[in-house]
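Beneath this line is the structure, given in structure tokens, with notes to follow.
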Amino acid sequence: MASWPFRRIRAWLGRRTTTQLAVGIAVLSALALTGSLAITGAAVRIDQREKAALAALDDYGAMAAKLGVEGMTGDALSPADAVYLSNWLTAFQNGPARENEARTLEETCQTGRGGAGVRFIRAPVGKPAGLSELETTRGERSSRLGEDVYVVRLGKGVLCSTRPVEVVVVRRSLGALDIAVGRVVDASGDAWGWAVAAVIGAGVLLVAIGLVAATFARRRLTSAVARVSVALDRAAVGDFSERAPETEVAPELTELSGHVNRTLDRLEELLAWLRDSADQLAHDFRTPIARATARLEKLGETASTPAMKRLVAEARADLQELTRAMNEAMALRDGEAWSFEPVRLDVLARQCAELYEPLAEERGVSIRVEAEPVEVLGVRTLLQRATANLVDNAVKYSPDGGVVTLSVSSVEGRPRLSVADQGPGFRHEAADAAAVVAASTAEGRESHGMGLAFVRAILKRHGASMTIDDARPGAVVTAQFSR
């Protein structure tokens, strides 16, 4: 259970981009700096208040020692004593700074720096003397600084005409006198302002650095991934001359690039072995086929009956079909020599229709073309062979007077080529693109089996898929391209 939050965090981080992570780190760093500044400021403020409280307590002790009124009660104070205390406090307050005072009240109001002392005395008789707000403004009791210590905030115009101040006040009774002694707390000052500005500037700089670093990292990774993609795209069409960059572009992809390159090396090695094997098989098959063809020619010359001549012709056709299938397989094997280029499927469909139109007219079959301008990237000769094979099958197995329809369209941006006929079609269980050899019809003939493996291999090389559907009557063979 303890690892559950970490899994959630790891999953969330896994969905973030490099730019988002870099910016997030920069923002968190800026927030951490701001938080540390706030904590430091609070600590400094507490320290300043403690210093002001200690100074106010010292002032209280100094006043008590100079007044000498420890045993003075309310009955013992005369109006003359009250006038004396008032005059004494006024002189004490407005005179020059004492030894333990950092500066006078005038200097504090001018500079905003603390240290100046303020006092207030109330006697049972006579008028009170000093700053009355020290008594009337309750403030916030700070038991941490002392039982009788308060933090009082005096607004602008109360103590200083141009600025508000914060005062730590000690309120105590001395005999019959109520005394309040305070010290102005030192403000943060220019140094603190510069510190705040520095932290804010550092935060902005961190965010900017994070954005720049994220942009650089993203471009570097994008460039490396693009080069890896180029190498894989070329390998997909049989070109193994390109390899993924291993270190000079993006060190983060070094391991991945190494795996990709080792895979491409292995694929190139396997394809070379397959080509050599195909060459050997082609050599091994061509000689026996040539011999068999020559012997059939001699046999045909000496055949004495029509049945014998028909069998010779059928055997010769089978050998020709075998030779054609072998040549088509060798064409697929030479994938490294393919040259991809833009190919118009609609033009290709019309050319194939014109090519097979004379053959179709002999049996009264009509070929229709329903095509819109659609372009794909591929090998023109191979796509021509694939389309010709589909049209050849459709014409071959269409009934007399039937219709073969070639359709070219684009569905959701994906090019599509389909060839439909009105022949015997397929059984339901065989109507699948993987069913290269179709089911037999009631008349014992195969439908669409010839050449479909070759067509499917070409389409797969072009990133396309082949499906076979029941046209009722007939079948529809569709080539669906990815783009």
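Chain identifiers are assigned as A, B, and so on, following the order in which chains appear in the structure tokens; residues are numbered from 1 within each chain, and ligands are numbered from 1 in order of appearance.
By chain and then residue number, the residues within 12 Å of Leu154 in chain A are A:Val118, A:Leu131, A:Ser132, A:Glu133, A:Leu134, A:Glu135, A:Thr136, A:Thr137, A:Arg138, A:Gly139, A:Val151, A:Gly157, A:Val158, A:Leu159, A:Cys160, A:Ser161, A:Thr162, A:Arg163, A:Pro164, A:Val165, A:Glu166, A:Val167, A:Val168, A:Val169, A:Gly182, A:Val184, A:Val185, counting only C-alpha atoms and disregarding those fewer than 3 positions away in sequence.
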Practice problem: Find the residues around Arg122 in chain A up to 6 Å (only C-alpha atoms counted), leave out those fewer than 5 positions away in its own chain, and share them as a count of residues only. | Solution: 3
Practice problem: Give me every helix (DSSP H, G or I) residue in range 329-385 of chain A, going by DSSP on the backbone, as a ChimeraX atom specification. | Solution: /A:329-333,335-337,345-362,380-385
Practice problem: Rank A:Ala236, A:Ala53, A:Leu311, A:Val207 by their smallest atom-to-atom distance to Leu28 in chain A, using only C-alpha atoms, and report the top residue only. | Solution: A:Val207
Quiz prompt | Best match for closeness to Ile179 in chain A among A:Leu206, A:Leu267, A:Ala64, A:Ala213, counting only C-alpha atoms | solution = A:Ala64
Quiz prompt | 9 Å contact set for range 257-266 of chain A, only C-alpha atoms, chain neighbours under 5 positions out, as an MDAnalysis selection string | solution = chainID A and resid 224 228 231:232 235 240 243:247 271
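The two atoms in question, CA of Thr467 in chain A and CA of Ala479 in chain A, are spaced 6.8 Å apart.
Between CA of Gln351 in chain A and CA of Leu322 in chain A the interatomic distance comes to 25.9 Å.
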Quiz prompt | Contacts of Thr478 in chain A within 6 Å, only C-alpha atoms, excl. fewer than 2 positions in-chain, as JSON, numbers by chain | solution = {"A": [417, 418, 466, 467]}
Quiz prompt | Nearest to Val204 in chain A by atom-to-atom distance, counting only C-alpha atoms, from A:Ala217, A:Ala292, A:Ala307, A:Val27 | solution = A:Val27
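For the set A:Ala65, A:Val225, A:Leu33, A:Leu299, the residue with the smallest atom-to-atom gap to Gly203 in chain A is A:Leu33, counting only C-alpha atoms.
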Practice problem: Just list the residues in range 183-428 of chain A DSSP gives strand (DSSP E or B) on the backbone, as a PyMOL selection string. | Solution: chain A and resi 183-184+341-344+366-371+375-378+403-411+414-420
